[in-house]
$ cat run.tsv   # TSV, C-alpha atoms and all ligand atoms
chain	number	residue	atom	x	y	z
A	1	MET	CA	-15.80	44.41	-8.01
A	2	ALA	CA	-15.21	45.69	-4.46
A	3	PRO	CA	-12.51	43.93	-2.38
A	4	VAL	CA	-13.75	41.11	-0.17
A	5	THR	CA	-12.61	40.73	3.45
A	6	VAL	CA	-12.86	37.46	5.37
A	7	SER	CA	-11.94	36.71	8.98
A	8	VAL	CA	-10.84	33.20	9.90
A	9	PRO	CA	-10.13	31.57	13.28
A	10	ALA	CA	-7.23	29.59	14.74
A	11	LYS	CA	-7.87	25.96	15.69
A	12	LEU	CA	-7.11	23.81	18.69
A	13	ASN	CA	-7.23	20.01	18.76
A	14	LEU	CA	-9.11	18.70	21.80
A	15	GLN	CA	-8.07	15.19	20.76
A	16	LEU	CA	-5.28	14.43	18.30
A	17	SER	CA	-4.69	10.69	17.90
A	18	VAL	CA	-2.05	9.77	15.35
A	19	GLY	CA	-2.00	6.41	13.59
A	20	PRO	CA	0.89	4.86	11.66
A	21	ARG	CA	2.71	6.72	8.90
A	22	ARG	CA	1.02	6.02	5.55
A	23	ALA	CA	2.72	5.27	2.23
A	24	ASP	CA	2.10	8.89	1.14
A	25	GLY	CA	3.99	10.21	4.20
A	26	TYR	CA	0.88	11.42	6.02
A	27	HIS	CA	-0.57	9.86	9.17
A	28	ASP	CA	-4.15	8.73	9.65
A	29	LEU	CA	-5.71	10.80	12.39
A	30	VAL	CA	-8.72	11.00	14.58
A	31	THR	CA	-8.98	14.54	15.86
A	32	VAL	CA	-11.52	16.84	17.45
A	33	PHE	CA	-11.00	20.28	15.92
A	34	HIS	CA	-12.19	23.32	17.86
A	35	ALA	CA	-12.14	26.85	16.36
A	36	VAL	CA	-11.27	29.68	18.77
A	37	SER	CA	-11.60	33.46	18.70
A	38	LEU	CA	-8.13	34.38	17.46
A	39	TYR	CA	-8.51	35.59	13.89
A	40	ASP	CA	-6.47	36.42	10.82
A	41	THR	CA	-8.12	38.84	8.37
A	42	ILE	CA	-7.69	38.33	4.63
A	43	THR	CA	-8.68	40.82	1.94
A	44	VAL	CA	-8.79	39.80	-1.72
A	45	ALA	CA	-9.00	42.45	-4.43
A	46	ALA	CA	-8.87	42.32	-8.23
A	47	ALA	CA	-5.25	43.04	-9.30
A	48	THR	CA	-6.08	46.22	-11.22
A	49	VAL	CA	-2.65	47.93	-10.93
A	50	SER	CA	-0.41	45.25	-12.47
A	51	PRO	CA	-2.58	42.28	-13.51
A	52	GLU	CA	0.32	41.01	-15.69
A	53	LEU	CA	2.11	40.05	-12.44
A	54	GLY	CA	-0.61	37.47	-11.74
A	55	ASP	CA	-1.63	36.85	-8.13
A	56	THR	CA	0.35	38.75	-5.49
A	57	VAL	CA	0.30	38.74	-1.68
A	58	THR	CA	1.24	41.08	1.16
A	59	VAL	CA	1.48	39.81	4.75
A	60	THR	CA	1.38	42.07	7.81
A	61	GLY	CA	1.18	41.52	11.58
A	62	GLU	CA	2.26	38.69	13.90
A	63	GLY	CA	5.18	36.74	12.36
A	64	ALA	CA	4.69	38.33	8.92
A	65	THR	CA	8.42	38.31	8.12
A	66	VAL	CA	8.59	34.49	8.12
A	67	VAL	CA	5.51	33.93	5.95
A	68	PRO	CA	6.30	33.26	2.25
A	69	GLN	CA	5.16	36.19	0.09
A	70	ASP	CA	5.02	34.19	-3.15
A	71	GLY	CA	3.27	31.18	-4.68
A	72	ASP	CA	4.37	29.04	-1.70
A	73	ASN	CA	2.02	30.99	0.55
A	74	LEU	CA	-0.88	28.65	1.39
A	75	ALA	CA	-3.42	31.38	0.64
A	76	MET	CA	-1.91	31.77	-2.85
A	77	ARG	CA	-2.06	27.99	-3.33
A	78	ALA	CA	-5.72	28.13	-2.37
A	79	VAL	CA	-6.41	30.90	-4.93
A	80	ALA	CA	-4.71	28.78	-7.62
A	81	ALA	CA	-6.63	25.65	-6.55
A	82	LEU	CA	-10.00	27.41	-6.80
A	83	ARG	CA	-9.10	28.83	-10.22
A	84	ALA	CA	-8.01	25.36	-11.42
A	85	ALA	CA	-11.28	23.88	-10.17
A	86	MET	CA	-13.34	26.49	-12.05
A	87	PRO	CA	-11.74	26.84	-15.52
A	88	GLY	CA	-12.58	30.09	-17.29
A	89	THR	CA	-13.02	32.06	-14.10
A	90	GLY	CA	-10.69	33.91	-11.74
A	91	GLU	CA	-9.02	37.22	-12.63
A	92	PRO	CA	-5.60	37.85	-10.98
A	93	VAL	CA	-5.92	39.01	-7.38
A	94	HIS	CA	-3.95	40.82	-4.72
A	95	VAL	CA	-4.26	39.10	-1.33
A	96	THR	CA	-3.57	41.00	1.89
A	97	ILE	CA	-3.15	38.90	5.03
A	98	ALA	CA	-3.29	40.62	8.42
A	99	LYS	CA	-1.95	38.03	10.85
A	100	ARG	CA	-2.78	37.65	14.51
A	101	ILE	CA	-2.46	33.84	14.55
A	102	PRO	CA	1.24	33.12	15.21
A	103	VAL	CA	3.10	31.28	12.43
A	104	ALA	CA	4.22	27.61	12.84
A	105	ALA	CA	2.63	27.60	16.29
A	106	GLY	CA	0.29	24.57	16.11
A	107	LEU	CA	-2.76	26.78	15.53
A	108	ALA	CA	-3.17	26.14	11.77
A	109	GLY	CA	-2.69	29.81	10.90
A	110	GLY	CA	-1.50	29.10	7.35
A	111	SER	CA	-4.41	26.72	6.76
A	112	ALA	CA	-6.76	29.40	8.11
A	113	ASP	CA	-5.41	31.92	5.59
A	114	ALA	CA	-5.93	29.39	2.78
A	115	ALA	CA	-9.54	28.79	3.87
A	116	ALA	CA	-10.18	32.54	4.02
A	117	ALA	CA	-8.71	33.00	0.53
A	118	LEU	CA	-11.08	30.32	-0.83
A	119	VAL	CA	-14.13	31.94	0.78
A	120	ALA	CA	-13.03	35.42	-0.39
A	121	CYS	CA	-12.34	34.39	-4.02
A	122	ASN	CA	-15.60	32.44	-4.15
A	123	GLU	CA	-17.29	35.79	-3.41
A	124	LEU	CA	-15.03	38.09	-5.47
A	125	TRP	CA	-15.26	35.92	-8.59
A	126	ASN	CA	-18.95	35.19	-7.98
A	127	VAL	CA	-18.27	31.46	-8.23
A	128	GLY	CA	-21.12	30.44	-5.93
A	129	LEU	CA	-19.61	27.22	-4.53
A	130	SER	CA	-21.18	25.77	-1.37
A	131	HIS	CA	-19.23	25.24	1.85
A	132	GLN	CA	-19.12	21.54	1.00
A	133	GLN	CA	-17.60	22.24	-2.44
A	134	LEU	CA	-15.09	24.68	-0.94
A	135	CYS	CA	-14.12	22.01	1.62
A	136	GLU	CA	-13.34	19.56	-1.21
A	137	ILE	CA	-10.94	22.04	-2.83
A	138	ALA	CA	-9.58	22.96	0.64
A	139	ALA	CA	-8.61	19.34	1.34
A	140	ASP	CA	-6.14	19.39	-1.57
A	141	VAL	CA	-4.47	22.56	-0.26
A	142	GLY	CA	-3.72	21.20	3.26
A	143	SER	CA	-4.99	18.81	5.91
A	144	ASP	CA	-6.49	21.50	8.20
A	145	VAL	CA	-7.87	23.86	5.53
A	146	ALA	CA	-11.33	22.28	5.21
A	147	PHE	CA	-11.88	22.62	8.96
A	148	ALA	CA	-11.01	26.34	8.84
A	149	VAL	CA	-13.79	26.80	6.25
A	150	LEU	CA	-16.32	25.24	8.66
A	151	GLY	CA	-15.16	26.10	12.19
A	152	GLY	CA	-17.09	24.95	15.26
A	153	THR	CA	-16.22	21.68	17.02
A	154	VAL	CA	-15.81	18.96	14.39
A	155	VAL	CA	-14.36	15.44	14.21
A	156	GLY	CA	-11.59	15.03	11.61
A	157	ARG	CA	-10.42	11.72	10.17
A	158	GLY	CA	-8.11	10.64	7.33
A	159	ARG	CA	-5.34	13.27	7.14
A	160	GLY	CA	-7.71	15.54	9.08
A	161	GLU	CA	-9.68	16.56	5.99
A	162	GLU	CA	-12.63	14.13	6.38
A	163	LEU	CA	-14.98	16.11	8.61
A	164	THR	CA	-18.12	15.08	10.49
A	165	ALA	CA	-20.19	17.14	12.92
A	166	ALA	CA	-19.31	16.48	16.56
A	167	LEU	CA	-23.00	16.69	17.63
A	168	VAL	CA	-22.26	18.49	20.88
A	169	PRO	CA	-23.97	21.55	22.36
A	170	SER	CA	-22.36	24.88	21.51
A	171	THR	CA	-21.14	25.42	25.10
A	172	GLN	CA	-18.50	28.18	25.16
A	173	TYR	CA	-15.14	27.15	26.58
A	174	HIS	CA	-12.60	29.70	27.81
A	175	TRP	CA	-8.97	29.10	26.94
A	176	VAL	CA	-5.65	30.71	27.61
A	177	LEU	CA	-3.05	30.34	24.88
A	178	ALA	CA	0.62	30.63	25.82
A	179	PHE	CA	2.68	31.60	22.76
A	180	ALA	CA	6.25	30.31	22.76
A	181	ASP	CA	9.49	32.05	21.89
A	182	GLY	CA	10.09	29.93	18.80
A	183	GLN	CA	8.40	27.74	16.23
A	184	LEU	CA	8.02	24.04	15.42
A	185	SER	CA	7.82	22.57	11.93
A	186	THR	CA	4.83	20.23	11.59
A	187	PRO	CA	6.72	17.67	9.40
A	188	ASP	CA	9.56	17.62	11.98
A	189	VAL	CA	7.09	16.92	14.79
A	190	TYR	CA	5.44	14.04	12.88
A	191	ALA	CA	8.89	12.63	11.99
A	192	THR	CA	9.79	12.78	15.69
A	193	VAL	CA	6.60	10.88	16.57
A	194	ASP	CA	7.74	8.12	14.19
A	195	ARG	CA	11.25	8.14	15.66
A	196	LEU	CA	10.03	7.99	19.26
A	197	ARG	CA	7.74	5.08	18.34
A	198	ARG	CA	10.64	3.25	16.68
A	199	ASP	CA	12.85	3.88	19.73
A	200	SER	CA	10.14	2.65	22.06
A	201	ALA	CA	9.61	-0.49	19.97
A	202	ALA	CA	13.38	-1.07	19.97
A	203	ALA	CA	13.54	-0.64	23.73
A	204	LYS	CA	10.85	-3.27	24.10
A	205	GLY	CA	12.93	-5.55	21.89
A	206	SER	CA	10.03	-6.17	19.53
A	207	ALA	CA	10.45	-7.46	15.99
A	208	ALA	CA	9.64	-3.97	14.81
A	209	ALA	CA	12.95	-2.82	16.23
A	210	LYS	CA	14.81	-4.14	13.20
A	211	GLY	CA	14.08	-0.92	11.33
A	212	SER	CA	11.37	-2.18	9.04
A	213	ALA	CA	8.40	0.00	8.06
A	214	ALA	CA	6.45	-1.85	10.71
A	215	ALA	CA	8.66	-0.17	13.29
A	216	THR	CA	6.47	2.94	13.18
A	217	ASP	CA	3.21	1.04	13.30
A	218	ALA	CA	0.77	2.33	15.86
A	219	ALA	CA	-2.78	1.30	16.61
A	220	ALA	CA	-5.47	2.75	14.34
A	221	PRO	CA	-6.76	5.83	16.19
A	222	GLU	CA	-10.28	5.99	17.61
A	223	LEU	CA	-12.53	8.80	18.74
A	224	ASP	CA	-12.23	9.26	22.52
A	225	ALA	CA	-15.61	8.38	24.06
A	226	VAL	CA	-14.67	10.05	27.38
A	227	LEU	CA	-13.92	13.38	25.65
A	228	MET	CA	-17.13	13.19	23.59
A	229	ALA	CA	-19.22	12.49	26.72
A	230	ALA	CA	-17.57	15.47	28.45
A	231	LEU	CA	-18.33	17.71	25.45
A	232	ARG	CA	-21.93	16.48	25.37
A	233	ALA	CA	-22.22	17.35	29.06
A	234	GLY	CA	-20.65	20.78	28.41
A	235	ASP	CA	-18.49	20.33	31.51
A	236	PRO	CA	-15.12	22.14	31.25
A	237	VAL	CA	-13.55	20.19	34.12
A	238	ARG	CA	-14.31	16.86	32.42
A	239	VAL	CA	-13.26	18.23	29.03
A	240	GLY	CA	-10.01	19.49	30.58
A	241	LYS	CA	-9.18	16.05	31.97
A	242	ALA	CA	-9.93	14.35	28.65
A	243	LEU	CA	-7.77	16.56	26.38
A	244	SER	CA	-5.13	14.51	24.54
A	245	ASN	CA	-2.50	14.98	21.87
A	246	ASP	CA	-0.26	12.20	20.47
A	247	LEU	CA	2.06	14.91	19.08
A	248	GLN	CA	2.81	16.29	22.55
A	249	PRO	CA	5.71	13.96	23.46
A	250	ALA	CA	7.40	14.82	20.14
A	251	ALA	CA	6.81	18.56	20.61
A	252	LEU	CA	8.27	18.33	24.14
A	253	THR	CA	11.30	16.44	22.81
A	254	LEU	CA	11.94	19.18	20.24
A	255	PHE	CA	11.02	22.07	22.59
A	256	PRO	CA	11.72	20.93	26.19
A	257	ALA	CA	10.92	24.38	27.69
A	258	LEU	CA	7.23	23.68	27.03
A	259	ARG	CA	7.18	21.28	30.01
A	260	LYS	CA	7.66	24.25	32.32
A	261	THR	CA	4.87	26.18	30.59
A	262	LEU	CA	2.43	23.25	30.91
A	263	THR	CA	3.31	22.70	34.58
A	264	ALA	CA	2.92	26.42	35.35
A	265	GLY	CA	-0.54	26.51	33.76
A	266	THR	CA	-1.68	23.46	35.73
A	267	ASP	CA	-0.22	24.84	39.00
A	268	LEU	CA	-2.01	28.14	38.35
A	269	GLY	CA	-5.41	26.44	38.18
A	270	ALA	CA	-6.04	25.37	34.57
A	271	VAL	CA	-8.50	22.44	34.40
A	272	GLY	CA	-6.71	21.15	31.28
A	273	ALA	CA	-3.27	21.76	29.78
A	274	LEU	CA	-1.97	20.54	26.42
A	275	VAL	CA	0.37	21.40	23.59
A	276	SER	CA	-1.77	22.71	20.72
A	277	GLY	CA	-1.45	20.59	17.56
A	278	SER	CA	2.23	20.27	16.61
A	279	GLY	CA	3.09	23.12	19.04
A	280	PRO	CA	4.79	25.07	20.42
A	281	THR	CA	1.70	27.00	21.61
A	282	CYS	CA	0.30	25.60	24.87
A	283	MET	CA	-3.46	25.70	25.51
A	284	PHE	CA	-5.06	25.86	28.93
A	285	LEU	CA	-8.73	25.36	29.68
A	286	ALA	CA	-10.30	27.45	32.45
A	287	ARG	CA	-13.59	26.86	34.32
A	288	ASN	CA	-15.04	30.14	33.07
A	289	LYS	CA	-14.11	33.51	31.56
A	290	GLU	CA	-13.07	35.11	34.86
A	291	ARG	CA	-10.73	32.21	35.67
A	292	ALA	CA	-9.29	32.43	32.16
A	293	LEU	CA	-8.48	36.13	32.61
A	294	ALA	CA	-6.87	35.45	36.01
A	295	LEU	CA	-4.89	32.51	34.61
A	296	ALA	CA	-3.69	34.63	31.67
A	297	ALA	CA	-2.44	37.35	34.01
A	298	ALA	CA	-0.71	34.83	36.27
A	299	LEU	CA	0.91	32.93	33.36
A	300	SER	CA	2.03	36.20	31.85
A	301	GLY	CA	3.75	37.07	35.15
A	302	ALA	CA	5.34	33.61	35.47
A	303	GLY	CA	7.71	34.25	32.55
A	304	VAL	CA	7.13	30.83	30.96
A	305	CYS	CA	6.10	32.06	27.50
A	306	ARG	CA	6.47	34.96	25.06
A	307	SER	CA	2.91	36.24	25.46
A	308	VAL	CA	-0.58	35.00	26.30
A	309	ALA	CA	-4.07	35.44	24.87
A	310	THR	CA	-7.52	34.58	26.19
A	311	VAL	CA	-9.83	33.09	23.57
A	312	ALA	CA	-13.22	31.36	23.50
A	313	GLY	CA	-14.53	28.53	21.38
A	314	PRO	CA	-16.23	27.19	19.44
A	315	VAL	CA	-16.54	30.00	16.87
A	316	HIS	CA	-17.59	29.83	13.23
A	317	GLY	CA	-15.11	29.25	10.39
A	318	ALA	CA	-14.01	31.63	7.63
A	319	ALA	CA	-16.68	34.31	7.21
A	320	LEU	CA	-17.17	37.49	5.23
A	321	VAL	CA	-16.60	40.64	7.23
A	322	THR	CA	-19.44	43.01	6.54
A	323	GLY	CA	-18.58	45.81	9.00
A	324	HIS	CA	-15.19	47.46	9.48
A	325	PRO	CA	-12.57	44.65	9.35
A	326	GLY	CA	-10.58	46.14	12.25
A	327	GLN	CA	-13.52	45.60	14.62
A	328	HIS	CA	-13.65	41.88	14.13
A	329	GLY	CA	-12.82	39.33	16.83
A	330	ARG	CA	-9.94	40.95	18.62
A	331	PRO	CA	-8.78	38.62	21.41
A	332	GLY	CA	-7.54	39.80	24.77
A	333	GLN	CA	-3.76	39.68	24.42
A	334	GLN	CA	-1.12	40.52	26.97
A	335	GLY	CA	2.65	40.73	26.71
A	336	ARG	CA	4.84	39.02	29.27
B	401	LIG	O1	-1.37	18.82	5.05
B	401	LIG	P1	-0.37	19.76	5.58
B	401	LIG	O2	0.43	20.44	4.48
B	401	LIG	O3	-0.89	20.75	6.57
B	401	LIG	O4	0.66	18.86	6.40
B	401	LIG	C1	1.93	19.33	6.76
B	401	LIG	C2	2.82	18.15	7.12
B	401	LIG	O5	2.38	17.54	8.34
B	401	LIG	C3	2.82	17.01	6.12
B	401	LIG	O6	3.77	17.22	5.12
B	401	LIG	C4	3.18	15.81	6.99
B	401	LIG	O7	4.56	15.79	7.24
B	401	LIG	C5	2.52	16.15	8.31
B	401	LIG	N1	1.19	15.53	8.44
B	401	LIG	C6	1.08	14.16	8.64
B	401	LIG	N2	-0.16	13.58	8.77
B	401	LIG	C7	-1.28	14.35	8.76
B	401	LIG	C8	-1.19	15.74	8.56
B	401	LIG	C9	0.05	16.32	8.41
B	401	LIG	O8	2.09	13.45	8.68
B	401	LIG	N3	-2.46	13.77	8.91

$ encode --input "run.tsv" --output "structure tokens"
Amino acid sequence: MAPVTVSVPAKLNLQLSVGPRRADGYHDLVTVFHAVSLYDTITVAAATVSPELGDTVTVTGEGATVVPQDGDNLAMRAVAALRAAMPGTGEPVHVTIAKRIPVAAGLAGGSADAAAALVACNELWNVGLSHQQLCEIAADVGSDVAFAVLGGTVVGRGRGEELTAALVPSTQYHWVLAFADGQLSTPDVYATVDRLRRDSAAAKGSAAAKGSAAATDAAAPELDAVLMAALRAGDPVRVGKALSNDLQPAALTLFPALRKTLTAGTDLGAVGALVSGSGPTCMFLARNKERALALAAALSGAGVCRSVATVAGPVHGAALVTGHPGQHGRPGQQGR
């Protein structure tokens, strides 16, 4: 069977509202996922050379040295999850991951690789699962993996794995991403959210301040009607104003330099500025493609980030690459 190549996009969260910590350690969310044109490329091939080694993985590109190259790799966990879901199928594979999505950057790059591995193995092994069935397996691999299978602009609930269509027009939005010199761990950012909420409750002298579980209680999150109306109108200025992320204060606490990056983007004309997911990437919305290119150049010159990229969204989720993989979805990227 010929190797299968899949390209898979990074995600932004246009809204990320975080509820209280649950008993299982996760937080209930309401989020609006938005897939953008920054892609990793994953190739899955039958392990013909040394099948006795089982599944193996090679990672190249952006941040490759810090990505686990063993069973801890999310793509490898996805391969194992699909095999477990389909007993009797699934020869050993070699997975090659060419990364452009920075690692631990709040762009769900690892989840994207897992989604791509599911789509690729579904094809290589001729399993024939639907997107819906792949999303069910994806949800067990990680909270953002199901979204990376689908792409588009989608509302996520639960841990982020319960997806419903956002029912908005497919207006293209033009973004500038500012990549940071450093990484943030998602569990650390969520733990900091809990700590900041406890501190704030303590400062208010509430009963929750006594350190009980209730100390981290937050209101159940709700979908932001203002953001949804802006998306329905397809108006980038309104969308920019309505962007929100409950993880941002925690990301700024752990990575204070991001304040300067956000301020610079706003001063340079972005219509919206936000930390992406758990950070430290910052995302800036521009009025149109020309403004995005100008903003990227200006941000790049301002010295407030490691590098910048211009991307557009929404784009589709993990998809088979039929042409030459190197031609697929290369974003404009500029060094500082
Ligand atoms: O599901 P995933 O492995 O991507 O989540 C990584 C970590 O992020 C979790 O271990 C948890 O600490 C945090 N998380 C959370 N609530 C969510 C999603 C993730 O607390 N809804």

$ atom_distance --input "run.tsv" --atom1 "CA of His27 (chain A)" --atom2 "CA of Asn13 (chain A)"
15.5 Å

$ atom_distance --input "run.tsv" --atom1 "CA of Ala178 (chain A)" --atom2 "CA of Cys305 (chain A)"
5.9 Å

$ closest_atom_pairs --input "run.tsv" --of "chain A" --to "ligand LIG 401 (chain B)" --cutoff "7 Å" --atoms "only C-alpha atoms and all ligand atoms" --output "JSON lines"
{"residue": "A:Arg21", "atom": "CA", "partner": "B:LIG401", "partner_atom": "O8", "distance": 6.8}
{"residue": "A:Gly25", "atom": "CA", "partner": "B:LIG401", "partner_atom": "O8", "distance": 5.8}
{"residue": "A:Tyr26", "atom": "CA", "partner": "B:LIG401", "partner_atom": "O8", "distance": 3.6}
{"residue": "A:His27", "atom": "CA", "partner": "B:LIG401", "partner_atom": "N2", "distance": 3.8}
{"residue": "A:Asp28", "atom": "CA", "partner": "B:LIG401", "partner_atom": "N3", "distance": 5.4}
{"residue": "A:Leu29", "atom": "CA", "partner": "B:LIG401", "partner_atom": "N3", "distance": 5.6}
{"residue": "A:Ser111", "atom": "CA", "partner": "B:LIG401", "partner_atom": "O3", "distance": 6.9}
{"residue": "A:Gly142", "atom": "CA", "partner": "B:LIG401", "partner_atom": "O1", "distance": 3.8}
{"residue": "A:Ser143", "atom": "CA", "partner": "B:LIG401", "partner_atom": "O1", "distance": 3.7}
{"residue": "A:Asp144", "atom": "CA", "partner": "B:LIG401", "partner_atom": "O3", "distance": 5.9}
{"residue": "A:Gly158", "atom": "CA", "partner": "B:LIG401", "partner_atom": "N3", "distance": 6.6}
{"residue": "A:Arg159", "atom": "CA", "partner": "B:LIG401", "partner_atom": "N3", "distance": 3.4}
{"residue": "A:Gly160", "atom": "CA", "partner": "B:LIG401", "partner_atom": "N3", "distance": 5.5}
{"residue": "A:Thr186", "atom": "CA", "partner": "B:LIG401", "partner_atom": "O5", "distance": 4.9}
{"residue": "A:Pro187", "atom": "CA", "partner": "B:LIG401", "partner_atom": "O7", "distance": 3.6}
{"residue": "A:Tyr190", "atom": "CA", "partner": "B:LIG401", "partner_atom": "O8", "distance": 5.4}

$ atom_distance --input "run.tsv" --atom1 "CA of Ala225 (chain A)" --atom2 "CA of Thr253 (chain A)"
28.1 Å

$ closest_residue --input "run.tsv" --among "A:Arg291, A:Lys99, A:Lys241, A:Lys11" --to "Ala35 (chain A)" --atoms "only C-alpha atoms"
A:Lys11

$ closest_residue --input "run.tsv" --among "A:Asp24, A:Asp113, A:Asp224, A:Glu123" --to "Leu74 (chain A)" --atoms "only C-alpha atoms"
A:Asp113

$ closest_residue --input "run.tsv" --among "A:Ile42, A:Val226, A:Ala286, A:Leu12" --to "Trp175 (chain A)" --atoms "only C-alpha atoms"
A:Ala286

$ residues_near_point --input "run.tsv" --point "(-3.3, 45.6, -9.8)" --cutoff "12 Å" --atoms "all atoms listed in the file" --output "PyMOL selection string"
chain A and resi 3+44-57+91-95

$ closest_residue --input "run.tsv" --among "A:Gly317, A:Pro68, A:Pro249, A:Gly156" --to "Arg195 (chain A)" --atoms "only C-alpha atoms"
A:Pro249

$ residues_around --input "run.tsv" --residues "Ser278 (chain A)" --least-positions-apart "4" --cutoff "9 Å" --atoms "all atoms listed in the file" --output "list in words"
Ala104, Ala105, Gly106, Leu107, Leu184, Ser185, Thr186, Pro187, Val189, Tyr190, Asn245, Leu247, Gln248, Ala250 and Ala251 of chain A

$ closest_residue --input "run.tsv" --among "A:Met283, A:Val149, A:Leu118, A:Leu177" --to "Arg83 (chain A)" --atoms "all atoms listed in the file"
A:Leu118

$ closest_residue --input "run.tsv" --among "A:Gly63, A:Gly88, A:Gly110, A:Pro102" --to "Phe179 (chain A)" --atoms "all atoms listed in the file"
A:Pro102

$ residues_around --input "run.tsv" --residues "Ala296 (chain A)" --least-positions-apart "3" --cutoff "8 Å" --atoms "all atoms listed in the file" --output "PyMOL selection string"
chain A and resi 176+292-293+299-300+308-310+334

$ decode --input "run.tsv" --residues "region 28-48 of chain A" --atoms "N, CA and C atoms" --output "mmCIF file, in the first residue's frame"
data_model
loop_
_atom_site.group_PDB
_atom_site.id
_atom_site.type_symbol
_atom_site.label_atom_id
_atom_site.label_comp_id
_atom_site.auth_asym_id
_atom_site.auth_seq_id
_atom_site.Cartn_x
_atom_site.Cartn_y
_atom_site.Cartn_z
ATOM 1 N N ASP A 28 -14.721 22.332 32.117
ATOM 2 C CA ASP A 28 -15.759 22.468 31.105
ATOM 3 C C ASP A 28 -15.532 23.770 30.354
ATOM 4 N N LEU A 29 -15.658 23.677 29.045
ATOM 5 C CA LEU A 29 -15.382 24.834 28.188
ATOM 6 C C LEU A 29 -16.583 25.169 27.332
ATOM 7 N N VAL A 30 -16.652 26.432 26.918
ATOM 8 C CA VAL A 30 -17.353 26.763 25.684
ATOM 9 C C VAL A 30 -16.326 27.500 24.844
ATOM 10 N N THR A 31 -16.076 26.983 23.655
ATOM 11 C CA THR A 31 -15.056 27.600 22.813
ATOM 12 C C THR A 31 -15.554 27.694 21.380
ATOM 13 N N VAL A 32 -15.021 28.664 20.658
ATOM 14 C CA VAL A 32 -15.254 28.722 19.207
ATOM 15 C C VAL A 32 -13.900 28.456 18.555
ATOM 16 N N PHE A 33 -13.780 27.238 18.017
ATOM 17 C CA PHE A 33 -12.548 26.847 17.314
ATOM 18 C C PHE A 33 -12.558 27.444 15.908
ATOM 19 N N HIS A 34 -11.360 27.726 15.397
ATOM 20 C CA HIS A 34 -11.246 28.328 14.068
ATOM 21 C C HIS A 34 -9.931 27.812 13.464
ATOM 22 N N ALA A 35 -10.020 27.027 12.388
ATOM 23 C CA ALA A 35 -8.809 26.443 11.791
ATOM 24 C C ALA A 35 -8.183 27.436 10.825
ATOM 25 N N VAL A 36 -6.859 27.590 10.893
ATOM 26 C CA VAL A 36 -6.155 28.568 10.049
ATOM 27 C C VAL A 36 -5.053 27.895 9.216
ATOM 28 N N SER A 37 -4.640 28.623 8.183
ATOM 29 C CA SER A 37 -3.787 28.032 7.134
ATOM 30 C C SER A 37 -2.308 27.939 7.517
ATOM 31 N N LEU A 38 -2.051 27.302 8.623
ATOM 32 C CA LEU A 38 -0.681 26.954 9.032
ATOM 33 C C LEU A 38 -0.726 25.447 9.261
ATOM 34 N N TYR A 39 0.011 24.695 8.435
ATOM 35 C CA TYR A 39 -0.214 23.247 8.386
ATOM 36 C C TYR A 39 1.008 22.433 8.784
ATOM 37 N N ASP A 40 0.775 21.342 9.511
ATOM 38 C CA ASP A 40 1.740 20.253 9.605
ATOM 39 C C ASP A 40 1.385 19.239 8.515
ATOM 40 N N THR A 41 2.395 18.471 8.088
ATOM 41 C CA THR A 41 2.158 17.427 7.076
ATOM 42 C C THR A 41 2.619 16.090 7.648
ATOM 43 N N ILE A 42 1.726 15.124 7.628
ATOM 44 C CA ILE A 42 2.009 13.815 8.230
ATOM 45 C C ILE A 42 1.927 12.744 7.136
ATOM 46 N N THR A 43 2.970 11.911 7.079
ATOM 47 C CA THR A 43 2.938 10.790 6.134
ATOM 48 C C THR A 43 2.985 9.490 6.930
ATOM 49 N N VAL A 44 2.097 8.578 6.602
ATOM 50 C CA VAL A 44 2.052 7.278 7.275
ATOM 51 C C VAL A 44 2.311 6.200 6.227
ATOM 52 N N ALA A 45 3.297 5.337 6.537
ATOM 53 C CA ALA A 45 3.658 4.266 5.601
ATOM 54 C C ALA A 45 3.716 2.947 6.356
ATOM 55 N N ALA A 46 3.413 1.852 5.672
ATOM 56 C CA ALA A 46 3.554 0.532 6.292
ATOM 57 C C ALA A 46 5.016 0.344 6.683
ATOM 58 N N ALA A 47 5.259 -0.180 7.903
ATOM 59 C CA ALA A 47 6.634 -0.348 8.408
ATOM 60 C C ALA A 47 7.235 -1.603 7.796
ATOM 61 N N THR A 48 7.693 -1.496 6.542
ATOM 62 C CA THR A 48 8.177 -2.683 5.828
ATOM 63 C C THR A 48 9.604 -3.055 6.228
#
